[in-house]
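Heads up, run.cif below (mmCIF, C-alpha atoms):
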```cif
data_structure
#
loop_
_atom_site.label_atom_id
_atom_site.label_comp_id
_atom_site.auth_asym_id
_atom_site.auth_seq_id
_atom_site.Cartn_x
_atom_site.Cartn_y
_atom_site.Cartn_z
CA MET A 1 23.87 0.53 -31.91
CA ARG A 2 21.38 -2.27 -31.33
CA THR A 3 17.74 -1.19 -31.39
CA ASP A 4 16.04 -4.55 -30.77
CA ALA A 5 14.66 -5.43 -27.34
CA ARG A 6 17.07 -7.21 -25.02
CA ARG A 7 17.55 -7.79 -21.32
CA HIS A 8 19.30 -4.93 -19.54
CA HIS A 9 19.48 -6.35 -16.02
CA ASP A 10 20.54 -9.43 -14.11
CA PRO A 11 17.31 -11.23 -13.10
CA GLU A 12 19.12 -12.96 -10.25
CA VAL A 13 19.86 -9.68 -8.44
CA ARG A 14 17.39 -8.67 -5.73
CA GLY A 15 17.64 -6.09 -2.99
CA PHE A 16 15.64 -4.81 -0.03
CA ALA A 17 14.75 -1.30 -1.18
CA SER A 18 11.09 -1.74 -2.08
CA ASP A 19 8.49 -4.33 -2.98
CA ASN A 20 7.97 -2.12 -6.05
CA TYR A 21 11.37 -3.31 -7.29
CA ALA A 22 10.08 -6.86 -7.78
CA GLY A 23 8.98 -8.11 -11.16
CA THR A 24 5.62 -9.60 -12.10
CA HIS A 25 4.42 -12.92 -10.73
CA PRO A 26 4.27 -15.63 -13.46
CA GLU A 27 0.57 -16.23 -12.77
CA ILE A 28 -0.11 -12.56 -13.43
CA LEU A 29 1.83 -12.67 -16.70
CA ALA A 30 -0.16 -15.72 -17.74
CA ALA A 31 -3.41 -13.90 -16.99
CA LEU A 32 -2.34 -10.93 -19.12
CA ALA A 33 -1.77 -13.29 -22.02
CA LEU A 34 -5.28 -14.72 -21.55
CA ALA A 35 -6.79 -11.25 -21.79
CA ASP A 36 -4.91 -10.42 -24.98
CA GLY A 37 -6.19 -10.94 -28.49
CA GLY A 38 -9.35 -9.78 -30.14
CA HIS A 39 -11.25 -6.63 -29.30
CA GLN A 40 -12.89 -5.74 -26.00
CA VAL A 41 -14.87 -2.60 -25.27
CA SER A 42 -12.63 0.11 -23.82
CA TYR A 43 -12.81 2.24 -20.67
CA GLY A 44 -14.07 -0.50 -18.37
CA GLU A 45 -16.98 -1.89 -20.40
CA ASP A 46 -15.06 -5.12 -21.04
CA ASP A 47 -15.83 -8.62 -19.82
CA TYR A 48 -12.82 -8.75 -17.48
CA THR A 49 -13.78 -5.62 -15.57
CA ALA A 50 -17.35 -6.88 -15.30
CA HIS A 51 -16.19 -10.20 -13.84
CA LEU A 52 -13.83 -8.39 -11.46
CA GLN A 53 -16.87 -7.02 -9.66
CA PHE A 54 -17.90 -10.55 -8.62
CA VAL A 55 -14.38 -11.34 -7.47
CA MET A 56 -14.15 -8.18 -5.37
CA ARG A 57 -17.54 -8.85 -3.80
CA SER A 58 -16.36 -12.27 -2.70
CA HIS A 59 -13.75 -10.47 -0.59
CA PHE A 60 -15.50 -7.24 0.39
CA GLY A 61 -19.22 -7.99 0.52
CA PRO A 62 -22.19 -7.75 -1.86
CA HIS A 63 -22.16 -3.96 -2.11
CA ALA A 64 -18.49 -3.55 -3.11
CA GLN A 65 -17.80 -1.71 -6.36
CA ALA A 66 -14.31 -1.84 -7.90
CA PHE A 67 -12.87 0.95 -10.03
CA PRO A 68 -9.46 -0.07 -11.47
CA VAL A 69 -6.85 2.69 -11.68
CA PHE A 70 -3.22 2.96 -12.71
CA ASN A 71 -1.37 3.50 -9.43
CA GLY A 72 -1.54 3.96 -5.68
CA THR A 73 -1.39 7.74 -5.58
CA GLY A 74 -4.19 7.91 -8.12
CA SER A 75 -6.21 5.44 -6.10
CA ASN A 76 -5.82 7.50 -2.93
CA VAL A 77 -6.60 10.82 -4.62
CA VAL A 78 -9.72 9.48 -6.32
CA ALA A 79 -10.94 7.78 -3.13
CA LEU A 80 -10.43 10.84 -0.94
CA GLN A 81 -12.11 13.13 -3.45
CA ALA A 82 -15.10 10.81 -3.47
CA LEU A 83 -15.64 11.37 0.27
CA THR A 84 -15.09 15.12 0.53
CA ASP A 85 -16.55 18.45 -0.44
CA ARG A 86 -14.40 21.24 -1.85
CA TRP A 87 -13.91 22.59 1.67
CA GLY A 88 -13.16 19.16 3.13
CA ALA A 89 -10.13 17.96 5.04
CA VAL A 90 -8.62 14.55 5.72
CA ILE A 91 -7.19 13.50 9.09
CA CYS A 92 -4.19 11.20 8.76
CA ALA A 93 -1.01 10.16 10.52
CA GLU A 94 1.94 12.48 9.99
CA SER A 95 3.85 9.53 8.51
CA ALA A 96 1.03 8.57 6.11
CA HIS A 97 1.92 7.96 2.49
CA ILE A 98 -0.65 10.53 1.36
CA ASN A 99 1.22 13.14 3.42
CA VAL A 100 4.85 12.17 2.88
CA ASP A 101 5.24 10.37 -0.43
CA GLU A 102 2.65 11.62 -2.90
CA CYS A 103 4.23 14.93 -3.95
CA GLY A 104 1.29 16.93 -2.63
CA ALA A 105 -1.15 15.17 -5.00
CA PRO A 106 -4.03 15.04 -2.49
CA GLU A 107 -3.65 18.81 -2.04
CA ARG A 108 -2.80 19.91 -5.58
CA VAL A 109 -4.85 17.42 -7.59
CA GLY A 110 -7.55 16.58 -5.09
CA GLY A 111 -7.81 20.06 -3.61
CA LEU A 112 -7.79 18.62 -0.09
CA LYS A 113 -6.39 19.80 3.21
CA LEU A 114 -4.49 17.14 5.15
CA LEU A 115 -4.73 17.46 8.93
CA THR A 116 -1.82 15.41 10.25
CA VAL A 117 -1.26 13.87 13.67
CA PRO A 118 2.13 12.67 15.00
CA THR A 119 2.15 8.99 15.97
CA GLU A 120 4.77 6.73 17.49
CA ASP A 121 3.95 3.69 15.38
CA GLY A 122 2.13 5.11 12.35
CA LYS A 123 -1.28 4.18 13.78
CA LEU A 124 -4.13 6.54 14.59
CA THR A 125 -6.43 6.10 17.58
CA PRO A 126 -9.74 7.80 18.43
CA GLU A 127 -7.86 10.00 20.89
CA LEU A 128 -5.29 11.03 18.27
CA ILE A 129 -8.04 11.69 15.72
CA ASP A 130 -9.69 14.10 18.15
CA ARG A 131 -6.63 16.34 18.03
CA GLN A 132 -7.82 17.40 14.57
CA ALA A 133 -11.51 16.45 14.65
CA TRP A 134 -13.02 19.80 15.53
CA GLY A 135 -14.23 23.07 14.00
CA TRP A 136 -16.91 21.74 11.67
CA ASP A 137 -18.88 24.98 11.91
CA ASP A 138 -15.84 27.23 11.66
CA GLU A 139 -15.72 28.68 8.15
CA HIS A 140 -12.09 29.67 8.72
CA ARG A 141 -10.97 26.05 9.01
CA ALA A 142 -11.07 23.22 6.50
CA MET A 143 -13.82 20.82 7.59
CA PRO A 144 -12.68 17.38 8.81
CA GLN A 145 -14.70 14.94 6.71
CA VAL A 146 -12.48 11.87 6.36
CA VAL A 147 -10.15 9.80 8.51
CA SER A 148 -7.53 8.04 6.38
CA ILE A 149 -5.59 5.10 7.77
CA ALA A 150 -3.09 2.78 6.10
CA GLN A 151 -3.14 -0.98 6.55
CA ASN A 152 -0.38 -1.80 6.99
CA THR A 153 1.14 1.54 7.95
CA GLU A 154 4.18 3.29 6.51
CA LEU A 155 6.13 2.06 9.53
CA GLY A 156 5.26 -1.57 8.86
CA THR A 157 2.80 -1.87 11.74
CA VAL A 158 -0.63 -3.45 11.43
CA TYR A 159 -3.94 -2.33 12.93
CA THR A 160 -5.95 -5.02 14.69
CA VAL A 161 -9.56 -5.59 13.67
CA ASP A 162 -10.77 -3.99 16.90
CA GLU A 163 -8.53 -0.94 16.41
CA ILE A 164 -10.03 -0.23 13.00
CA ARG A 165 -13.55 -0.85 14.29
CA ALA A 166 -12.97 1.70 17.05
CA ILE A 167 -11.69 4.25 14.51
CA CYS A 168 -14.67 3.71 12.21
CA ASP A 169 -17.18 3.97 15.04
CA HIS A 170 -15.49 7.11 16.33
CA ALA A 171 -15.33 8.76 12.91
CA HIS A 172 -18.91 7.91 12.01
CA GLU A 173 -20.19 9.23 15.32
CA ARG A 174 -18.64 12.56 14.34
CA GLY A 175 -20.06 12.53 10.84
CA MET A 176 -16.81 11.58 9.13
CA LYS A 177 -16.05 8.79 6.66
CA VAL A 178 -13.13 6.36 6.74
CA HIS A 179 -10.67 5.67 3.93
CA LEU A 180 -8.21 2.81 4.09
CA ASP A 181 -4.99 3.00 2.08
CA GLY A 182 -4.48 -0.67 1.31
CA ALA A 183 -1.32 -0.53 -0.77
CA ARG A 184 -0.17 -3.55 1.27
CA ILE A 185 -3.55 -4.79 2.45
CA ALA A 186 -2.67 -8.39 1.58
CA ASN A 187 0.36 -8.29 3.89
CA ALA A 188 -1.84 -7.00 6.70
CA ALA A 189 -4.43 -9.75 6.20
CA ALA A 190 -1.68 -12.37 6.14
CA SER A 191 -0.20 -10.94 9.32
CA LEU A 192 -3.54 -10.94 11.15
CA ASP A 193 -4.57 -14.27 9.58
CA VAL A 194 -8.05 -12.95 8.83
CA PRO A 195 -9.95 -12.23 5.60
CA MET A 196 -9.55 -8.71 4.23
CA ARG A 197 -13.25 -8.09 4.86
CA ALA A 198 -12.67 -8.54 8.60
CA PHE A 199 -10.96 -5.16 8.89
CA THR A 200 -12.66 -3.29 6.03
CA ASN A 201 -16.37 -3.53 5.21
CA ALA A 202 -17.14 -5.65 8.28
CA VAL A 203 -16.00 -2.91 10.66
CA GLY A 204 -17.22 0.16 8.80
CA VAL A 205 -14.54 1.29 6.33
CA ASP A 206 -16.30 3.32 3.62
CA ILE A 207 -13.79 3.19 0.79
CA LEU A 208 -10.58 1.32 0.12
CA SER A 209 -7.51 1.84 -2.04
CA PHE A 210 -6.65 -1.74 -2.98
CA GLY A 211 -3.00 -2.39 -3.79
CA GLY A 212 -1.81 -4.94 -6.32
CA THR A 213 1.51 -3.68 -7.66
CA LYS A 214 3.43 -4.35 -4.45
CA ASN A 215 2.01 -7.87 -4.31
CA GLY A 216 3.00 -9.24 -7.70
CA MET A 217 1.06 -7.30 -10.32
CA LEU A 218 2.71 -5.59 -13.28
CA PHE A 219 0.79 -2.37 -12.66
CA GLY A 220 -2.59 -1.27 -11.41
CA GLU A 221 -4.63 -0.79 -8.24
CA ALA A 222 -8.33 -0.28 -7.57
CA VAL A 223 -10.60 2.04 -5.65
CA VAL A 224 -13.12 -0.21 -3.93
CA VAL A 225 -16.27 1.51 -2.76
CA LEU A 226 -17.54 -0.42 0.26
CA ASP A 227 -20.48 1.83 1.13
CA PRO A 228 -22.13 3.07 -2.10
CA ASP A 229 -24.24 5.52 -0.09
CA ALA A 230 -21.07 7.28 1.10
CA VAL A 231 -19.75 8.29 -2.32
CA GLY A 232 -20.89 9.63 -5.62
CA ALA A 233 -19.70 10.30 -9.17
CA MET A 234 -16.84 7.80 -8.96
CA LYS A 235 -16.64 7.32 -12.73
CA HIS A 236 -16.32 11.05 -13.26
CA LEU A 237 -13.73 11.47 -10.51
CA ARG A 238 -11.59 8.67 -11.95
CA LYS A 239 -11.59 10.29 -15.40
CA LEU A 240 -11.03 13.79 -14.00
CA SER A 241 -8.04 12.47 -12.04
CA MET A 242 -6.49 10.92 -15.18
CA GLN A 243 -6.88 7.38 -13.82
CA LEU A 244 -9.26 5.96 -16.44
CA ALA A 245 -7.49 3.26 -18.46
CA SER A 246 -8.67 2.79 -22.02
CA LYS A 247 -7.53 -0.87 -22.11
CA MET A 248 -8.83 -1.53 -18.62
CA ARG A 249 -9.10 -5.27 -19.17
CA PHE A 250 -5.34 -5.53 -18.62
CA ILE A 251 -5.64 -4.08 -15.10
CA SER A 252 -8.80 -6.01 -14.27
CA VAL A 253 -7.46 -9.39 -15.34
CA GLN A 254 -4.43 -8.91 -13.08
CA LEU A 255 -6.64 -8.13 -10.11
CA GLU A 256 -8.76 -11.17 -10.93
CA ALA A 257 -5.69 -13.42 -11.11
CA LEU A 258 -4.49 -12.06 -7.78
CA LEU A 259 -7.83 -12.37 -5.98
CA ALA A 260 -9.86 -15.13 -7.58
CA ARG A 261 -7.94 -17.79 -5.71
CA ASP A 262 -5.17 -17.38 -3.15
CA LEU A 263 -2.28 -15.78 -5.05
CA TRP A 264 -2.69 -12.54 -3.09
CA LEU A 265 -2.34 -14.44 0.19
CA ARG A 266 0.50 -16.71 -0.92
CA ASN A 267 2.55 -13.75 -2.09
CA ALA A 268 1.88 -11.74 1.06
CA ARG A 269 2.59 -14.59 3.44
CA HIS A 270 5.89 -15.28 1.74
CA ALA A 271 6.98 -11.63 1.87
CA ASN A 272 6.01 -11.42 5.55
CA THR A 273 7.88 -14.63 6.34
CA MET A 274 11.01 -13.32 4.66
CA ALA A 275 10.77 -10.09 6.68
CA GLN A 276 10.58 -12.09 9.91
CA ARG A 277 13.60 -14.13 8.82
CA LEU A 278 15.46 -10.91 8.07
CA ALA A 279 14.50 -9.37 11.42
CA ASP A 280 15.59 -12.47 13.28
CA GLY A 281 18.93 -12.41 11.49
CA VAL A 282 19.79 -8.75 11.99
CA ARG A 283 18.45 -8.65 15.55
CA ALA A 284 21.35 -10.88 16.57
CA VAL A 285 23.94 -8.46 15.15
CA ASP A 286 25.53 -6.19 17.77
CA GLY A 287 25.01 -2.52 16.96
CA VAL A 288 21.75 -3.01 15.03
CA LYS A 289 18.46 -1.91 16.60
CA ILE A 290 15.03 -2.89 15.26
CA LEU A 291 12.88 0.25 15.52
CA HIS A 292 9.30 -0.99 15.08
CA PRO A 293 7.46 -4.29 15.48
CA VAL A 294 7.95 -6.38 12.34
CA GLU A 295 4.32 -7.19 11.55
CA ALA A 296 4.29 -7.32 7.75
CA ASN A 297 7.02 -7.21 5.09
CA ALA A 298 9.09 -4.26 6.33
CA VAL A 299 12.00 -4.07 8.75
CA PHE A 300 13.04 -0.68 10.13
CA ALA A 301 16.43 -0.55 11.80
CA ARG A 302 19.10 1.82 13.13
CA LEU A 303 22.79 1.18 12.58
CA PRO A 304 25.93 3.24 11.98
CA HIS A 305 25.58 5.48 8.94
CA GLU A 306 28.89 4.44 7.41
CA VAL A 307 27.92 0.77 7.67
CA SER A 308 24.72 1.43 5.75
CA GLU A 309 26.61 3.30 3.05
CA ARG A 310 28.99 0.39 2.55
CA LEU A 311 26.15 -2.13 2.64
CA GLN A 312 24.22 -0.16 0.02
CA LYS A 313 27.03 -0.88 -2.44
CA ARG A 314 26.18 -4.57 -2.09
CA TYR A 315 22.38 -4.43 -1.69
CA ARG A 316 19.89 -1.71 -2.60
CA PHE A 317 17.88 -0.20 0.27
CA TYR A 318 16.90 3.26 1.45
CA PHE A 319 17.58 5.45 4.42
CA TRP A 320 14.35 6.28 6.25
CA ASP A 321 15.90 8.99 8.42
CA GLU A 322 19.45 9.54 7.24
CA ALA A 323 20.36 11.92 10.06
CA ALA A 324 19.44 9.31 12.67
CA GLY A 325 20.87 6.40 10.71
CA ASP A 326 17.46 4.76 10.29
CA VAL A 327 16.93 2.46 7.31
CA ARG A 328 14.08 0.46 5.82
CA TRP A 329 14.43 -3.04 4.42
CA MET A 330 11.52 -4.43 2.38
CA CYS A 331 10.81 -8.01 1.39
CA SER A 332 8.78 -9.04 -1.66
CA PHE A 333 6.90 -12.02 -3.04
CA ASP A 334 10.09 -13.10 -4.82
CA THR A 335 12.55 -12.59 -1.95
CA THR A 336 14.32 -15.87 -1.22
CA GLU A 337 15.81 -17.31 1.94
CA GLU A 338 19.19 -17.12 0.21
CA ASP A 339 18.64 -13.40 -0.41
CA VAL A 340 17.93 -12.82 3.27
CA ASP A 341 20.79 -14.94 4.55
CA GLY A 342 23.22 -13.32 2.13
CA PHE A 343 22.15 -9.87 3.28
CA VAL A 344 22.56 -10.78 6.96
CA THR A 345 26.04 -12.15 6.23
CA ALA A 346 26.97 -8.97 4.38
CA LEU A 347 25.65 -6.87 7.28
CA LYS A 348 27.76 -8.80 9.75
CA GLU A 349 30.82 -8.34 7.57
CA GLU A 350 30.32 -4.58 7.26
CA MET A 351 29.61 -4.20 10.97
CA GLY A 352 32.86 -5.98 11.71
CA ARG A 353 35.00 -3.72 9.54
#
```
Represent the structure contained in this file as structure tokens.
Amino acid sequence: MRTDARRHHDPEVRGFASDNYAGTHPEILAALALADGGHQVSYGEDDYTAHLQFVMRSHFGPHAQAFPVFNGTGSNVVALQALTDRWGAVICAESAHINVDECGAPERVGGLKLLTVPTEDGKLTPELIDRQAWGWDDEHRAMPQVVSIAQNTELGTVYTVDEIRAICDHAHERGMKVHLDGARIANAAASLDVPMRAFTNAVGVDILSFGGTKNGMLFGEAVVVLDPDAVGAMKHLRKLSMQLASKMRFISVQLEALLARDLWLRNARHANTMAQRLADGVRAVDGVKILHPVEANAVFARLPHEVSERLQKRYRFYFWDEAAGDVRWMCSFDTTEEDVDGFVTALKEEMGR
């Protein structure tokens, strides 16, 4: 049996299951090579992590502090812990990633109570927040201390700048902080055609989970503290949550390569454009219903279950609600027009069988 490294996959095969399926952008790989060689101080005391602070501040204001971490769940857990007491609770949409897709990590690792609110489009409003924003003096109830929103949401929708400003104002008036899960923040900024600061620090978001993996990085995210007065002990929380990288320079240099120029925006715009192309193609197919506005790089649709099962043998994607026949199709920075057109053709063929 061969034991040397070799390629185990066809690099020309791409699907629509997740933007996590995509590889690493060539500019990110080049940056990793630049950071290699020689010795750099470990645990974030390296030159790359120091320079990352200047890059982050160019996007999120002069008070921003970046704390690189390994992954999105870790980023969310660390950020939410930083804003809460032991008796604290977090208000979020019922469909939020922290509630649905993080294996209970906010509860079990962070020790938090999630207070969920049903939404039609994955977006909270001040009125929806008030369904759970009560009982601060009731020792029998976990205390609402944080409102967590995702930009863009798990349903592919995007908050406007004014919508996030209203949420921040409402939360702060009630003594709560605001966390933004930005696993796909670049896609949201590209969709709105505004800088990321326009819907984060400029409107009152206190802390941000910044996503890089879904936008072309090999691995790594960052907790970005936007209001230093709102949090404390971030370095300790990151270590306690097992998110402190010893060779942190290799996360920081990726974030720098993504953010120092416009790679983050180029990648996001392309993924969004491919999602619009996909939506336009499938919308014209009889029997397929688009479920939510296509505002970023996700398309949610409903079609016959048996058609999806046959189509999954040709392209990878996931059911979102298998009982209802709902599916999710994701586009990535490396999705091509040929990928999209081939998928639409395959969908038409399977619908016609």
Query raised in the report: At what distance in Å, to one decimal, does atom CA of A:Phe210 lie from atom CA of A:Gly182?
Result: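 Separating atom CA of A:Gly182 from atom CA of A:Phe210 is a distance of 4.9 Å.
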Requested in this report: Take the PyMOL selection byres ((chain A and resi 28) around 8), apply it to the structure above, and return the hits as a VMD selection string.
Outcome: chain A and resid 24 to 27 29 to 32 216 to 218 254 257 to 258
Query raised in the report: Which residue out of A:Cys331, A:Leu83, A:Met196, A:Val203 has the minimum interatomic distance to A:Gly175 when only C-alpha atoms are used?
Result: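 Using only C-alpha atoms, A:Gly175 sits closest to A:Leu83.
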Report task. Give me, please, the distance in Å between atom CA of A:Ser252 and atom CA of A:Thr49, quoted to one decimal. Result ->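 Atom CA of A:Ser252 sits 5.2 Å away from atom CA of A:Thr49.
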Report task. Return as a list in words the set of residues that the PyMOL selection byres ((chain A and resi 326) around 12) yields on the displayed structure. Result ->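 With the shown file as input, the PyMOL selection byres ((chain A and resi 326) around 12) matches Leu155, Val288, Lys289, Ile290, Leu291, His292, Val299, Phe300, Ala301, Arg302, Leu303, Pro304, His305, Glu306, Val307, Ser308, Glu309, Phe317, Tyr318, Phe319, Trp320, Asp321, Glu322, Ala323, Ala324, Gly325, Val327, Arg328 and Trp329 of chain A.
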Let me have the centre and edge lengths of the axis-aligned box enclosing all listed atoms of stretch 243-258 of chain A with 5 Å padding on every side, in Å to one decimal, as lines of an AutoDock Vina configuration file.
```
center_x = -6.8
center_y = -3.0
center_z = -14.9
size_x = 14.8
size_y = 30.8
size_z = 24.3
```
Query raised in the report: Hey, what's within 12 Å of A:Thr345 if we count all atoms listed in the file and toss same-chain stuff fewer than 4 positions away? As a PyMOL selection string, please?
Result: chain A and resi 278+281-282+284-285+311+314-315+338-341+349-352
Query raised in the report: On this structure, which residues satisfy the PyMOL selection byres ((chain A and resi 249) around 8), written as number ranges by chain?
Result: A: 35, 40, 42, 44, 46-49, 247-248, 250-253
Would you output that residue set with C-alpha atoms, as a PDB file, keeping the file's coordinate frame?
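Done, and the output landed in selection-v5.pdb:
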```pdb
ATOM      1  CA  ALA A  35      -6.790 -11.250 -21.790  1.00  0.00           C
ATOM      2  CA  GLN A  40     -12.890  -5.740 -26.000  1.00  0.00           C
ATOM      3  CA  SER A  42     -12.630   0.110 -23.820  1.00  0.00           C
ATOM      4  CA  GLY A  44     -14.070  -0.500 -18.370  1.00  0.00           C
ATOM      5  CA  ASP A  46     -15.060  -5.120 -21.040  1.00  0.00           C
ATOM      6  CA  ASP A  47     -15.830  -8.620 -19.820  1.00  0.00           C
ATOM      7  CA  TYR A  48     -12.820  -8.750 -17.480  1.00  0.00           C
ATOM      8  CA  THR A  49     -13.780  -5.620 -15.570  1.00  0.00           C
ATOM      9  CA  LYS A 247      -7.530  -0.870 -22.110  1.00  0.00           C
ATOM     10  CA  MET A 248      -8.830  -1.530 -18.620  1.00  0.00           C
ATOM     11  CA  PHE A 250      -5.340  -5.530 -18.620  1.00  0.00           C
ATOM     12  CA  ILE A 251      -5.640  -4.080 -15.100  1.00  0.00           C
ATOM     13  CA  SER A 252      -8.800  -6.010 -14.270  1.00  0.00           C
ATOM     14  CA  VAL A 253      -7.460  -9.390 -15.340  1.00  0.00           C
TER      15      VAL A 253
END
```
Query raised in the report: Can you tell me, as a PyMOL selection string, what residues are no more than 6 Å from A:Arg197 when counting only C-alpha atoms, ignoring any on the same chain fewer than 3 positions away?
Result: chain A and resi 59-60+200-202
Same residues, C-alpha atoms, output as a PDB file, keeping the file's coordinate frame:
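See out05.pdb below for the written result:
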```pdb
ATOM      1  CA  HIS A  59     -13.750 -10.470  -0.590  1.00  0.00           C
ATOM      2  CA  PHE A  60     -15.500  -7.240   0.390  1.00  0.00           C
ATOM      3  CA  THR A 200     -12.660  -3.290   6.030  1.00  0.00           C
ATOM      4  CA  ASN A 201     -16.370  -3.530   5.210  1.00  0.00           C
ATOM      5  CA  ALA A 202     -17.140  -5.650   8.280  1.00  0.00           C
TER       6      ALA A 202
END
```
Spatial neighbours of A:Ala150, max dist 10 Å, only C-alpha atoms, sep filter under 4 positions, as an mmCIF file with C-alpha atoms, in the frame of the given file:
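The result, written out as part.cif:
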```cif
data_model
loop_
_atom_site.group_PDB
_atom_site.id
_atom_site.type_symbol
_atom_site.label_atom_id
_atom_site.label_comp_id
_atom_site.auth_asym_id
_atom_site.auth_seq_id
_atom_site.Cartn_x
_atom_site.Cartn_y
_atom_site.Cartn_z
ATOM 1 C CA CYS A 92 -4.190 11.200 8.760
ATOM 2 C CA ALA A 93 -1.010 10.160 10.520
ATOM 3 C CA SER A 95 3.850 9.530 8.510
ATOM 4 C CA ALA A 96 1.030 8.570 6.110
ATOM 5 C CA HIS A 97 1.920 7.960 2.490
ATOM 6 C CA ILE A 98 -0.650 10.530 1.360
ATOM 7 C CA GLY A 122 2.130 5.110 12.350
ATOM 8 C CA LYS A 123 -1.280 4.180 13.780
ATOM 9 C CA LEU A 124 -4.130 6.540 14.590
ATOM 10 C CA GLU A 154 4.180 3.290 6.510
ATOM 11 C CA LEU A 155 6.130 2.060 9.530
ATOM 12 C CA GLY A 156 5.260 -1.570 8.860
ATOM 13 C CA THR A 157 2.800 -1.870 11.740
ATOM 14 C CA VAL A 158 -0.630 -3.450 11.430
ATOM 15 C CA TYR A 159 -3.940 -2.330 12.930
ATOM 16 C CA HIS A 179 -10.670 5.670 3.930
ATOM 17 C CA LEU A 180 -8.210 2.810 4.090
ATOM 18 C CA ASP A 181 -4.990 3.000 2.080
ATOM 19 C CA GLY A 182 -4.480 -0.670 1.310
ATOM 20 C CA ALA A 183 -1.320 -0.530 -0.770
ATOM 21 C CA ARG A 184 -0.170 -3.550 1.270
ATOM 22 C CA ILE A 185 -3.550 -4.790 2.450
ATOM 23 C CA ALA A 188 -1.840 -7.000 6.700
ATOM 24 C CA LEU A 208 -10.580 1.320 0.120
ATOM 25 C CA SER A 209 -7.510 1.840 -2.040
#
```
Query raised in the report: Looking at all atoms listed in the file, which of A:Asp227, A:Glu94, A:Asp286, A:Asp101 is the one that sits closest to A:Gln132?
Result: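 Closest candidate: A:Glu94.
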**Report entry** Atom pair atom CA of A:Met143 / atom CA of A:Ala89: separation (Å)
**Finding:**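 These two atoms are separated by 5.3 Å.
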Requested in this report: Using only C-alpha atoms, determine which residues lie at most 12 Å from A:Asn187, disregarding the query and same-chain residues fewer than 4 positions distant; provide the list as a PyMOL selection string.
Outcome: chain A and resi 19+150-153+156-159+182-183+191-196+210-212+214-216+263-275+294-298+330-333
Query raised in the report: Which of these, A:Leu255, A:Ala142, A:Ile149, A:Ala50, has the shortest distance to A:Asp85 once you count only C-alpha atoms?
Result: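 Selected residue with least distance to A:Asp85: A:Ala142.
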Query - Who sits within 8 Å of A:Leu114, all atoms listed in the file, same chain under 4 positions skipped, as a list in words - result: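 What passes the distance filter is Ala89, Val90, Ile91, Cys92, Asn99, Pro106 and Glu107 of chain A.
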